[in-house]
$ cat upload.cif   # mmCIF, C-alpha atoms
data_model
loop_
_atom_site.group_PDB
_atom_site.id
_atom_site.type_symbol
_atom_site.label_atom_id
_atom_site.label_comp_id
_atom_site.auth_asym_id
_atom_site.auth_seq_id
_atom_site.Cartn_x
_atom_site.Cartn_y
_atom_site.Cartn_z
ATOM 1 C CA MET V 156 -19.538 26.358 -18.694
ATOM 2 C CA PRO V 157 -16.947 29.139 -18.448
ATOM 3 C CA SER V 158 -13.557 28.502 -20.005
ATOM 4 C CA ILE V 159 -10.375 28.715 -17.961
ATOM 5 C CA LEU V 160 -9.514 32.003 -19.729
ATOM 6 C CA HIS V 161 -12.788 33.530 -18.519
ATOM 7 C CA MET V 162 -12.079 32.271 -15.024
ATOM 8 C CA ILE V 163 -8.666 33.976 -15.085
ATOM 9 C CA ALA V 164 -10.087 37.223 -16.483
ATOM 10 C CA ASP V 165 -12.987 37.438 -14.035
ATOM 11 C CA ALA V 166 -12.713 39.048 -10.629
ATOM 12 C CA SER V 167 -11.121 36.648 -8.161
ATOM 13 C CA THR V 168 -12.945 34.792 -5.448
ATOM 14 C CA TYR V 169 -11.607 35.668 -2.016
ATOM 15 C CA LEU V 170 -11.372 33.278 0.906
ATOM 16 C CA THR V 171 -11.561 34.851 4.328
ATOM 17 C CA TRP V 172 -10.653 33.401 7.713
ATOM 18 C CA GLY V 173 -10.966 36.141 10.348
ATOM 19 C CA TRP V 174 -8.316 38.755 9.613
ATOM 20 C CA LEU V 175 -6.800 36.708 6.775
ATOM 21 C CA SER V 176 -8.151 37.296 3.274
ATOM 22 C CA VAL V 177 -6.557 35.701 0.222
ATOM 23 C CA SER V 178 -7.661 35.346 -3.393
ATOM 24 C CA VAL V 179 -7.944 31.863 -4.861
ATOM 25 C CA PRO V 180 -5.232 32.505 -7.527
ATOM 26 C CA ASN V 181 -2.811 33.757 -4.879
ATOM 27 C CA LEU V 182 -3.620 30.787 -2.653
ATOM 28 C CA ILE V 183 -2.946 28.407 -5.566
ATOM 29 C CA VAL V 184 0.458 30.036 -6.181
ATOM 30 C CA ILE V 185 1.352 29.858 -2.474
ATOM 31 C CA LEU V 186 0.370 26.170 -2.313
ATOM 32 C CA LEU V 187 2.377 25.502 -5.497
ATOM 33 C CA MET V 188 5.446 27.163 -3.959
ATOM 34 C CA ILE V 189 5.094 25.028 -0.826
ATOM 35 C CA LEU V 190 4.725 21.901 -2.986
ATOM 36 C CA VAL V 191 7.811 22.732 -5.103
ATOM 37 C CA PHE V 192 9.777 23.552 -1.922
ATOM 38 C CA ILE V 193 8.945 20.153 -0.416
ATOM 39 C CA LEU V 194 9.711 18.330 -3.683
ATOM 40 C CA ALA V 195 13.073 20.154 -3.953
ATOM 41 C CA ILE V 196 14.034 18.767 -0.544
ATOM 42 C CA VAL V 197 12.649 15.261 -1.040
ATOM 43 C CA ILE V 198 13.593 14.419 -4.641
ATOM 44 C CA PRO V 199 17.231 13.249 -4.929
ATOM 45 C CA PHE V 200 19.497 15.259 -7.209
ATOM 46 C CA PRO V 201 20.648 13.220 -10.236
ATOM 47 C CA HIS V 202 24.334 12.340 -10.432
ATOM 48 C CA ASP V 203 26.367 9.518 -11.967
ATOM 49 C CA GLY V 204 28.553 8.716 -8.960
ATOM 50 C CA ASN V 205 31.760 9.854 -10.689
ATOM 51 C CA ASP V 206 31.185 13.570 -10.247
ATOM 52 C CA THR V 207 33.012 14.027 -6.950
ATOM 53 C CA ASP V 208 36.730 14.685 -6.514
ATOM 54 C CA ASP V 209 38.998 13.735 -3.617
ATOM 55 C CA GLN V 210 37.644 16.610 -1.541
ATOM 56 C CA GLY V 211 34.057 15.411 -1.827
ATOM 57 C CA SER V 212 33.266 18.275 -4.158
ATOM 58 C CA THR V 213 30.909 17.846 -7.038
ATOM 59 C CA LYS V 214 31.538 19.038 -10.596
ATOM 60 C CA MET W 14 74.417 37.198 -16.263
ATOM 61 C CA THR W 15 75.543 35.113 -13.286
ATOM 62 C CA ALA W 16 73.318 33.745 -10.554
ATOM 63 C CA ASP W 17 74.605 36.102 -7.865
ATOM 64 C CA THR W 18 73.653 39.182 -9.877
ATOM 65 C CA GLN W 19 70.025 38.100 -10.378
ATOM 66 C CA GLN W 20 67.568 40.169 -8.349
ATOM 67 C CA PRO W 21 64.298 38.709 -7.064
ATOM 68 C CA PRO W 22 61.242 40.389 -8.572
ATOM 69 C CA ALA W 23 60.203 43.373 -6.522
ATOM 70 C CA GLU W 24 56.998 42.808 -4.553
ATOM 71 C CA PHE W 25 54.078 44.751 -5.952
ATOM 72 C CA VAL W 26 53.228 47.607 -3.606
ATOM 73 C CA PRO W 27 50.197 49.541 -4.815
ATOM 74 C CA THR W 28 50.306 53.290 -4.421
ATOM 75 C CA THR W 29 46.948 54.199 -5.981
ATOM 76 C CA TRP W 30 43.404 53.302 -4.966
ATOM 77 C CA THR W 31 42.947 51.307 -8.165
ATOM 78 C CA GLY W 32 46.046 49.256 -7.377
ATOM 79 C CA LYS W 33 44.958 48.715 -3.777
ATOM 80 C CA LEU W 34 41.467 47.689 -4.937
ATOM 81 C CA ARG W 35 43.004 45.250 -7.415
ATOM 82 C CA GLY W 36 45.213 43.821 -4.682
ATOM 83 C CA VAL W 37 42.235 43.275 -2.368
ATOM 84 C CA ALA W 38 40.177 41.717 -5.188
ATOM 85 C CA GLU W 39 43.001 39.362 -6.198
ATOM 86 C CA ARG W 40 43.601 38.335 -2.590
ATOM 87 C CA LYS W 41 39.962 37.899 -1.513
ATOM 88 C CA LEU W 42 38.435 36.598 -4.719
ATOM 89 C CA PRO W 43 40.953 34.905 -7.034
ATOM 90 C CA TYR W 44 39.663 33.684 -10.387
ATOM 91 C CA ASP W 45 39.341 30.035 -9.333
ATOM 92 C CA LYS W 46 37.164 31.120 -6.378
ATOM 93 C CA ALA W 47 35.103 33.608 -8.393
ATOM 94 C CA LEU W 48 34.385 31.111 -11.174
ATOM 95 C CA PRO W 49 34.792 27.669 -9.574
ATOM 96 C CA GLU W 50 34.534 24.393 -11.475
ATOM 97 C CA THR W 51 33.509 22.329 -8.451
ATOM 98 C CA GLN W 52 31.075 22.807 -5.600
ATOM 99 C CA PRO W 53 30.872 21.122 -2.179
ATOM 100 C CA ALA W 54 29.041 17.783 -2.227
ATOM 101 C CA TYR W 55 26.050 19.159 -0.306
ATOM 102 C CA VAL W 56 25.246 21.516 -3.213
ATOM 103 C CA ALA W 57 23.975 18.484 -5.180
ATOM 104 C CA SER W 58 20.403 19.106 -4.035
ATOM 105 C CA TRP W 59 17.443 20.623 -5.864
ATOM 106 C CA ILE W 60 17.011 23.253 -3.137
ATOM 107 C CA TYR W 61 20.335 24.809 -4.213
ATOM 108 C CA VAL W 62 19.048 25.253 -7.779
ATOM 109 C CA PHE W 63 16.571 28.027 -7.001
ATOM 110 C CA GLY W 64 19.159 30.784 -6.623
ATOM 111 C CA VAL W 65 20.427 30.332 -10.161
ATOM 112 C CA LEU W 66 16.855 29.862 -11.462
ATOM 113 C CA THR W 67 16.059 33.275 -9.967
ATOM 114 C CA LEU W 68 19.111 34.738 -11.716
ATOM 115 C CA VAL W 69 18.118 33.226 -15.067
ATOM 116 C CA SER W 70 14.592 34.630 -14.694
ATOM 117 C CA LEU W 71 16.110 38.036 -13.972
ATOM 118 C CA VAL W 72 18.149 37.870 -17.179
ATOM 119 C CA VAL W 73 14.970 37.106 -19.189
ATOM 120 C CA ILE W 74 13.187 39.979 -17.417
ATOM 121 C CA VAL W 75 15.972 42.427 -18.326
ATOM 122 C CA ILE W 76 16.137 41.318 -21.978
ATOM 123 C CA THR W 77 12.354 41.370 -22.547
ATOM 124 C CA GLY W 78 12.076 44.614 -20.558
ATOM 125 C CA ALA W 79 14.659 46.246 -22.826
ATOM 126 C CA VAL W 80 12.626 45.219 -25.883
ATOM 127 C CA LEU W 81 9.414 46.640 -24.327
ATOM 128 C CA ALA W 82 11.225 49.882 -23.429
ATOM 129 C CA PHE W 83 12.439 50.414 -26.996
ATOM 130 C CA GLU W 84 9.113 49.573 -28.681
ATOM 131 C CA GLY W 85 6.726 51.346 -26.285
ATOM 132 C CA PRO W 86 3.187 50.801 -24.888
ATOM 133 C CA MET W 87 1.334 51.103 -28.224
ATOM 134 C CA TRP W 88 3.383 48.193 -29.549
ATOM 135 C CA TYR W 89 3.231 45.907 -26.513
ATOM 136 C CA ASN W 90 -0.484 46.507 -25.894
ATOM 137 C CA SER W 91 -1.755 46.110 -29.467
ATOM 138 C CA SER W 92 0.500 44.116 -31.835
ATOM 139 C CA SER W 93 0.685 40.331 -31.564
ATOM 140 C CA VAL W 94 4.488 40.300 -31.246
ATOM 141 C CA GLY W 95 4.265 43.090 -28.680
ATOM 142 C CA LEU W 96 1.717 41.145 -26.655
ATOM 143 C CA PHE W 97 3.982 38.096 -26.873
ATOM 144 C CA PHE W 98 6.959 40.028 -25.477
ATOM 145 C CA ASN W 99 4.699 41.595 -22.860
ATOM 146 C CA SER W 100 3.665 38.091 -21.816
ATOM 147 C CA LEU W 101 7.287 36.901 -21.766
ATOM 148 C CA HIS W 102 8.146 39.819 -19.477
ATOM 149 C CA PHE W 103 5.101 39.175 -17.261
ATOM 150 C CA TRP W 104 5.610 35.411 -16.888
ATOM 151 C CA SER W 105 9.361 35.712 -16.316
ATOM 152 C CA VAL W 106 8.494 38.074 -13.458
ATOM 153 C CA GLN W 107 6.052 35.483 -12.054
ATOM 154 C CA LEU W 108 8.783 32.812 -12.238
ATOM 155 C CA PHE W 109 11.349 35.237 -10.771
ATOM 156 C CA MET W 110 9.204 35.847 -7.677
ATOM 157 C CA PHE W 111 8.208 32.152 -7.485
ATOM 158 C CA PHE W 112 11.830 30.948 -7.547
ATOM 159 C CA MET W 113 13.049 33.748 -5.271
ATOM 160 C CA VAL W 114 10.483 32.903 -2.575
ATOM 161 C CA ILE W 115 11.506 29.211 -2.624
ATOM 162 C CA HIS W 116 15.187 30.301 -2.556
ATOM 163 C CA LEU W 117 14.330 32.542 0.431
ATOM 164 C CA TRP W 118 12.520 29.721 2.258
ATOM 165 C CA GLY W 119 15.385 27.309 1.608
ATOM 166 C CA LYS W 120 17.971 29.761 2.941
ATOM 167 C CA PHE W 121 15.803 30.761 5.924
ATOM 168 C CA TRP W 122 15.309 27.163 7.125
ATOM 169 C CA MET W 123 19.010 26.533 6.456
ATOM 170 C CA ALA W 124 19.935 29.581 8.606
ATOM 171 C CA ALA W 125 22.005 30.786 5.670
ATOM 172 C CA TRP W 126 23.465 33.688 7.653
ATOM 173 C CA ARG W 127 25.808 31.214 9.430
ATOM 174 C CA GLY W 128 29.571 31.335 8.782
ATOM 175 C CA LYS W 129 29.890 35.128 8.384
ATOM 176 C CA ARG W 130 27.220 35.164 5.670
ATOM 177 C CA ALA W 131 25.034 37.886 7.260
ATOM 178 C CA LYS W 132 25.696 40.332 4.418
ATOM 179 C CA THR W 133 24.743 37.668 1.868
ATOM 180 C CA TRP W 134 21.442 37.112 3.701
ATOM 181 C CA ILE W 135 20.768 40.873 4.033
ATOM 182 C CA THR W 136 21.471 41.626 0.353
ATOM 183 C CA GLY W 137 19.143 38.761 -0.604
ATOM 184 C CA CYS W 138 16.362 40.206 1.561
ATOM 185 C CA LEU W 139 16.987 43.667 0.066
ATOM 186 C CA ALA W 140 16.754 42.228 -3.455
ATOM 187 C CA PHE W 141 13.411 40.639 -2.518
ATOM 188 C CA LEU W 142 12.012 43.906 -1.096
ATOM 189 C CA VAL W 143 13.176 46.054 -4.017
ATOM 190 C CA SER W 144 11.754 43.474 -6.442
ATOM 191 C CA ILE W 145 8.303 43.963 -4.887
ATOM 192 C CA GLY W 146 8.588 47.694 -5.655
ATOM 193 C CA ALA W 147 9.748 46.917 -9.186
ATOM 194 C CA GLY W 148 6.797 44.567 -9.629
ATOM 195 C CA LEU W 149 4.279 47.137 -8.384
ATOM 196 C CA SER W 150 5.667 49.862 -10.645
ATOM 197 C CA GLY W 151 5.540 47.379 -13.539
ATOM 198 C CA TYR W 152 1.872 46.595 -12.919
ATOM 199 C CA ALA W 153 1.181 50.344 -12.803
ATOM 200 C CA LEU W 154 2.968 50.751 -16.158
ATOM 201 C CA GLN W 155 0.792 48.386 -18.171
ATOM 202 C CA THR W 156 -1.287 51.393 -19.316
ATOM 203 C CA ASN W 157 -4.545 49.440 -19.318
ATOM 204 C CA PHE W 158 -7.568 49.141 -17.039
ATOM 205 C CA GLU W 159 -5.790 46.696 -14.782
ATOM 206 C CA SER W 160 -2.934 49.125 -14.162
ATOM 207 C CA GLN W 161 -5.479 51.879 -13.468
ATOM 208 C CA TRP W 162 -7.232 49.644 -10.940
ATOM 209 C CA ILE W 163 -3.965 48.572 -9.252
ATOM 210 C CA SER W 164 -2.628 52.147 -9.108
ATOM 211 C CA PHE W 165 -5.765 53.598 -7.547
ATOM 212 C CA GLN W 166 -6.045 50.735 -5.061
ATOM 213 C CA SER W 167 -2.400 50.930 -3.983
ATOM 214 C CA LYS W 168 -2.112 54.709 -3.788
ATOM 215 C CA ASP W 169 -4.312 54.859 -0.681
ATOM 216 C CA GLY W 170 -2.129 52.349 1.096
ATOM 217 C CA LEU W 171 1.049 54.140 0.044
ATOM 218 C CA ASN W 172 -0.383 57.525 1.048
ATOM 219 C CA ALA W 173 -1.199 56.108 4.474
ATOM 220 C CA THR W 174 2.511 55.404 4.998
ATOM 221 C CA GLY W 175 3.484 58.944 3.991
ATOM 222 C CA VAL W 176 5.552 58.025 0.934
ATOM 223 C CA GLY W 177 2.844 59.284 -1.430
ATOM 224 C CA ALA W 178 4.465 62.729 -1.472
ATOM 225 C CA TRP W 179 7.461 61.301 -3.338
ATOM 226 C CA PHE W 180 6.283 57.973 -4.735
ATOM 227 C CA SER W 181 3.032 58.167 -6.707
ATOM 228 C CA VAL W 182 1.830 55.072 -8.526
ATOM 229 C CA THR W 183 -0.655 57.197 -10.487
ATOM 230 C CA ASP W 184 2.176 59.287 -11.989
ATOM 231 C CA ILE W 185 2.908 57.374 -15.196
ATOM 232 C CA GLY W 186 6.086 59.357 -15.939
ATOM 233 C CA GLN W 187 7.509 58.619 -12.519
ATOM 234 C CA MET W 188 6.537 54.951 -12.773
ATOM 235 C CA LEU W 189 8.237 54.725 -16.186
ATOM 236 C CA LEU W 190 11.547 56.064 -14.846
ATOM 237 C CA VAL W 191 11.322 54.111 -11.596
ATOM 238 C CA HIS W 192 10.450 50.824 -13.313
ATOM 239 C CA ALA W 193 12.624 51.042 -16.427
ATOM 240 C CA PHE W 194 15.715 52.648 -14.898
ATOM 241 C CA LEU W 195 15.961 53.268 -11.133
ATOM 242 C CA LEU W 196 14.768 49.955 -9.659
ATOM 243 C CA PRO W 197 16.467 47.719 -12.287
ATOM 244 C CA ALA W 198 19.737 49.560 -11.551
ATOM 245 C CA VAL W 199 19.249 49.092 -7.790
ATOM 246 C CA ILE W 200 18.349 45.406 -8.226
ATOM 247 C CA ALA W 201 21.362 44.857 -10.509
ATOM 248 C CA ILE W 202 23.746 46.405 -7.946
ATOM 249 C CA ILE W 203 22.233 44.386 -5.062
ATOM 250 C CA VAL W 204 22.206 41.108 -7.017
ATOM 251 C CA ILE W 205 25.810 41.551 -8.213
ATOM 252 C CA GLY W 206 26.839 42.256 -4.611
ATOM 253 C CA HIS W 207 24.836 39.215 -3.454
ATOM 254 C CA VAL W 208 26.511 36.884 -5.961
ATOM 255 C CA VAL W 209 29.992 38.254 -5.153
ATOM 256 C CA LEU W 210 29.308 37.634 -1.439
ATOM 257 C CA VAL W 211 28.163 34.077 -2.220
ATOM 258 C CA ARG W 212 31.439 33.483 -4.065
ATOM 259 C CA LEU W 213 33.466 35.120 -1.271
ATOM 260 C CA HIS W 214 31.990 33.036 1.554
ATOM 261 C CA GLY W 215 30.923 29.980 -0.438
ATOM 262 C CA VAL W 216 27.518 28.306 -0.594
ATOM 263 C CA VAL W 217 26.070 27.753 2.866
ATOM 264 C CA PRO W 218 26.102 24.086 3.940
ATOM 265 C CA PRO W 219 23.056 22.339 5.396
ATOM 266 C CA ILE W 220 22.957 22.573 9.200
ATOM 267 C CA ASP W 221 23.901 18.906 9.668
ATOM 268 C CA ALA W 222 26.900 19.382 7.326
ATOM 269 C CA ALA W 223 28.267 22.371 9.264
ATOM 270 C CA LYS W 224 30.713 20.182 11.190
ATOM 271 C CA VAL W 225 32.579 19.317 7.985
ATOM 272 C CA GLU W 226 32.604 22.853 6.582
ATOM 273 C CA PRO W 227 36.196 24.121 6.418
ATOM 274 C CA ASP W 228 36.884 27.197 8.514
ATOM 275 C CA PRO W 229 37.984 29.948 6.104
ATOM 276 C CA GLN W 230 40.427 31.269 8.737
ATOM 277 C CA VAL W 231 42.256 27.944 8.919
ATOM 278 C CA SER W 232 43.737 25.716 6.233
ATOM 279 C CA PRO W 233 41.057 24.003 4.157
ATOM 280 C CA ALA W 234 39.823 20.716 5.617
ATOM 281 C CA PRO W 235 38.671 17.849 3.401
ATOM 282 C CA GLN W 236 34.948 17.420 2.932
ATOM 283 C CA GLU W 237 33.642 14.236 4.491
ATOM 284 C CA SER W 238 30.195 14.353 3.004
ATOM 285 C CA THR W 239 29.378 12.819 -0.349
ATOM 286 C CA VAL W 240 26.914 13.661 -3.047
ATOM 287 C CA GLY W 241 24.625 10.898 -1.827
ATOM 288 C CA GLU W 242 24.322 12.545 1.565
ATOM 289 C CA ALA W 243 23.699 15.989 0.155
ATOM 290 C CA SER W 244 19.961 16.142 0.211
#

$ encode --input "upload.cif" --output "structure tokens"
Amino acid sequence: MPSILHMIADASTYLTWGWLSVSVPNLIVILLMILVFILAIVIPFPHDGNDTDDQGSTK
Amino acid sequence: MTADTQQPPAEFVPTTWTGKLRGVAERKLPYDKALPETQPAYVASWIYVFGVLTLVSLVVIVITGAVLAFEGPMWYNSSSVGLFFNSLHFWSVQLFMFFMVIHLWGKFWMAAWRGKRAKTWITGCLAFLVSIGAGLSGYALQTNFESQWISFQSKDGLNATGVGAWFSVTDIGQMLLVHAFLLPAVIAIIVIGHVVLVRLHGVVPPIDAAKVEPDPQVSPAPQESTVGEAS
């Protein structure tokens, strides 16, 4: 069974849909970016409730 | 000295371009605006973190790149410490592009060019485009089989656009100067301009918070939103 290092070093597998061709590593990175983007919007930012001033600004 | 003999301090009237520039800088970007201690409530969201993450990645890229430039390809392709610094440089570039794309998406869907922020948006896009060129020239500079493969694959595409007469990814000397000097200098100028513009116009609010954003032409209005509503 090939190790993950061999999988990274080997030539990439390409997925093709019509005119669109993308390597599996690039597709993984794109999906990761989409996931992190969604999480950044959904997950609430931590704060202790005392970090706003009279103007509604946060420190 | 009596009170009636006291003269009010004369108003500073600059006569040189340095004085005029200082006057404009002090008027447009005072210290408390350039280096603020507070941010609007809507900034308390993870999506606003990716700009500064991109900046931090850029700092790591510059520091590790400087080490690679001083030590040279023999060092960073053969010694263990050299390979470590090479990897630091490589992975900080991966994170730089990763964070910058998420920053770009966040600002695009937020229509971040609102509120006279078009120049901020344009400089950000320019930084992204120039970074792609810096990345390509960096891959071509690895001086290994991968860089040979990338250079010979990309040269055909570049030649097809006509830029091959001036920009040759197979010219290692040109790639060295472009990657280690020209493009970092261009990126630094664009990014500094981008950050100054962000400080000048402030961080763009979410679209649903635009109604509470103070108009910079009028006296500042209090923010109605709270941290809890930010995201």

$ residues_around --input "upload.cif" --residues "region 131-138 of chain W" --least-positions-apart "3" --cutoff "8 Å" --atoms "all atoms listed in the file" --output "VMD selection string"
chain W and resid 117 125 to 127 141 to 142 203 to 204 206 to 207 210 to 211

$ resolve_selection --input "upload.cif" --expression "the PyMOL selection byres ((chain V and resi 172-189) around 12)" --output "count of residues only"
30

$ atom_distance --input "upload.cif" --atom1 "CA of Phe97 (chain W)" --atom2 "CA of Val72 (chain W)"
17.2 Å

$ atom_distance --input "upload.cif" --atom1 "CA of Lys168 (chain W)" --atom2 "CA of Ile185 (chain W)"
12.7 Å

$ atom_distance --input "upload.cif" --atom1 "CA of Val217 (chain W)" --atom2 "CA of Gly148 (chain W)"
28.5 Å

$ closest_residue --input "upload.cif" --among "W:Val191, W:Val65, W:Ile74, W:Ala57" --to "chain V" --atoms "all atoms listed in the file"
W:Ala57

$ closest_residue --input "upload.cif" --among "W:Val62, W:Ile145, W:Ala47, W:Val37" --to "chain V" --atoms "all atoms listed in the file"
W:Val62

$ build_atoms --input "upload.cif" --residues "region 173-200 of chain W" --atoms "N, CA and C atoms" --output "PDB file, in the frame of the given file"
ATOM      1  N   ALA W 173      -1.066  56.303   3.037  1.00  0.00           N
ATOM      2  CA  ALA W 173      -1.199  56.108   4.474  1.00  0.00           C
ATOM      3  C   ALA W 173       0.161  55.979   5.156  1.00  0.00           C
ATOM      4  N   THR W 174       1.178  55.526   4.399  1.00  0.00           N
ATOM      5  CA  THR W 174       2.511  55.404   4.998  1.00  0.00           C
ATOM      6  C   THR W 174       3.295  56.716   4.904  1.00  0.00           C
ATOM      7  N   GLY W 175       2.808  57.653   4.113  1.00  0.00           N
ATOM      8  CA  GLY W 175       3.484  58.944   3.991  1.00  0.00           C
ATOM      9  C   GLY W 175       4.419  59.052   2.797  1.00  0.00           C
ATOM     10  N   VAL W 176       4.614  57.950   2.057  1.00  0.00           N
ATOM     11  CA  VAL W 176       5.552  58.025   0.934  1.00  0.00           C
ATOM     12  C   VAL W 176       4.899  58.598  -0.326  1.00  0.00           C
ATOM     13  N   GLY W 177       3.564  58.806  -0.255  1.00  0.00           N
ATOM     14  CA  GLY W 177       2.844  59.284  -1.430  1.00  0.00           C
ATOM     15  C   GLY W 177       3.326  60.635  -1.935  1.00  0.00           C
ATOM     16  N   ALA W 178       3.960  61.424  -1.059  1.00  0.00           N
ATOM     17  CA  ALA W 178       4.465  62.729  -1.472  1.00  0.00           C
ATOM     18  C   ALA W 178       5.596  62.599  -2.482  1.00  0.00           C
ATOM     19  N   TRP W 179       6.327  61.482  -2.420  1.00  0.00           N
ATOM     20  CA  TRP W 179       7.461  61.301  -3.338  1.00  0.00           C
ATOM     21  C   TRP W 179       7.234  60.176  -4.334  1.00  0.00           C
ATOM     22  N   PHE W 180       6.473  59.162  -3.905  1.00  0.00           N
ATOM     23  CA  PHE W 180       6.283  57.973  -4.735  1.00  0.00           C
ATOM     24  C   PHE W 180       4.809  57.851  -5.063  1.00  0.00           C
ATOM     25  N   SER W 181       4.442  58.182  -6.309  1.00  0.00           N
ATOM     26  CA  SER W 181       3.032  58.167  -6.707  1.00  0.00           C
ATOM     27  C   SER W 181       2.823  57.157  -7.829  1.00  0.00           C
ATOM     28  N   VAL W 182       2.057  56.113  -7.515  1.00  0.00           N
ATOM     29  CA  VAL W 182       1.830  55.072  -8.526  1.00  0.00           C
ATOM     30  C   VAL W 182       0.879  55.543  -9.627  1.00  0.00           C
ATOM     31  N   THR W 183       0.222  56.678  -9.431  1.00  0.00           N
ATOM     32  CA  THR W 183      -0.655  57.197 -10.487  1.00  0.00           C
ATOM     33  C   THR W 183       0.088  58.154 -11.420  1.00  0.00           C
ATOM     34  N   ASP W 184       1.358  58.425 -11.135  1.00  0.00           N
ATOM     35  CA  ASP W 184       2.176  59.287 -11.989  1.00  0.00           C
ATOM     36  C   ASP W 184       2.915  58.391 -12.991  1.00  0.00           C
ATOM     37  N   ILE W 185       2.382  58.328 -14.208  1.00  0.00           N
ATOM     38  CA  ILE W 185       2.908  57.374 -15.196  1.00  0.00           C
ATOM     39  C   ILE W 185       4.359  57.676 -15.570  1.00  0.00           C
ATOM     40  N   GLY W 186       4.707  58.983 -15.615  1.00  0.00           N
ATOM     41  CA  GLY W 186       6.086  59.357 -15.939  1.00  0.00           C
ATOM     42  C   GLY W 186       7.058  58.879 -14.876  1.00  0.00           C
ATOM     43  N   GLN W 187       6.638  59.072 -13.606  1.00  0.00           N
ATOM     44  CA  GLN W 187       7.509  58.619 -12.519  1.00  0.00           C
ATOM     45  C   GLN W 187       7.630  57.096 -12.530  1.00  0.00           C
ATOM     46  N   MET W 188       6.502  56.414 -12.752  1.00  0.00           N
ATOM     47  CA  MET W 188       6.537  54.951 -12.773  1.00  0.00           C
ATOM     48  C   MET W 188       7.441  54.434 -13.895  1.00  0.00           C
ATOM     49  N   LEU W 189       7.404  55.138 -15.047  1.00  0.00           N
ATOM     50  CA  LEU W 189       8.237  54.725 -16.186  1.00  0.00           C
ATOM     51  C   LEU W 189       9.714  54.789 -15.821  1.00  0.00           C
ATOM     52  N   LEU W 190      10.134  55.914 -15.208  1.00  0.00           N
ATOM     53  CA  LEU W 190      11.547  56.064 -14.846  1.00  0.00           C
ATOM     54  C   LEU W 190      11.931  55.114 -13.710  1.00  0.00           C
ATOM     55  N   VAL W 191      11.029  54.980 -12.742  1.00  0.00           N
ATOM     56  CA  VAL W 191      11.322  54.111 -11.596  1.00  0.00           C
ATOM     57  C   VAL W 191      11.435  52.652 -12.048  1.00  0.00           C
ATOM     58  N   HIS W 192      10.489  52.226 -12.924  1.00  0.00           N
ATOM     59  CA  HIS W 192      10.450  50.824 -13.313  1.00  0.00           C
ATOM     60  C   HIS W 192      11.499  50.466 -14.375  1.00  0.00           C
ATOM     61  N   ALA W 193      11.727  51.384 -15.308  1.00  0.00           N
ATOM     62  CA  ALA W 193      12.624  51.042 -16.427  1.00  0.00           C
ATOM     63  C   ALA W 193      14.068  51.432 -16.169  1.00  0.00           C
ATOM     64  N   PHE W 194      14.320  52.268 -15.155  1.00  0.00           N
ATOM     65  CA  PHE W 194      15.715  52.648 -14.898  1.00  0.00           C
ATOM     66  C   PHE W 194      16.140  52.468 -13.434  1.00  0.00           C
ATOM     67  N   LEU W 195      15.467  53.204 -12.518  1.00  0.00           N
ATOM     68  CA  LEU W 195      15.961  53.268 -11.133  1.00  0.00           C
ATOM     69  C   LEU W 195      15.986  51.895 -10.453  1.00  0.00           C
ATOM     70  N   LEU W 196      14.824  51.225 -10.398  1.00  0.00           N
ATOM     71  CA  LEU W 196      14.768  49.955  -9.659  1.00  0.00           C
ATOM     72  C   LEU W 196      15.573  48.837 -10.326  1.00  0.00           C
ATOM     73  N   PRO W 197      15.572  48.727 -11.688  1.00  0.00           N
ATOM     74  CA  PRO W 197      16.467  47.719 -12.287  1.00  0.00           C
ATOM     75  C   PRO W 197      17.932  47.963 -11.935  1.00  0.00           C
ATOM     76  N   ALA W 198      18.344  49.252 -11.901  1.00  0.00           N
ATOM     77  CA  ALA W 198      19.737  49.560 -11.551  1.00  0.00           C
ATOM     78  C   ALA W 198      20.018  49.150 -10.109  1.00  0.00           C
ATOM     79  N   VAL W 199      19.062  49.451  -9.205  1.00  0.00           N
ATOM     80  CA  VAL W 199      19.249  49.092  -7.790  1.00  0.00           C
ATOM     81  C   VAL W 199      19.304  47.574  -7.641  1.00  0.00           C
ATOM     82  N   ILE W 200      18.377  46.877  -8.307  1.00  0.00           N
ATOM     83  CA  ILE W 200      18.349  45.406  -8.226  1.00  0.00           C
ATOM     84  C   ILE W 200      19.652  44.824  -8.776  1.00  0.00           C
TER      85      ILE W 200
END
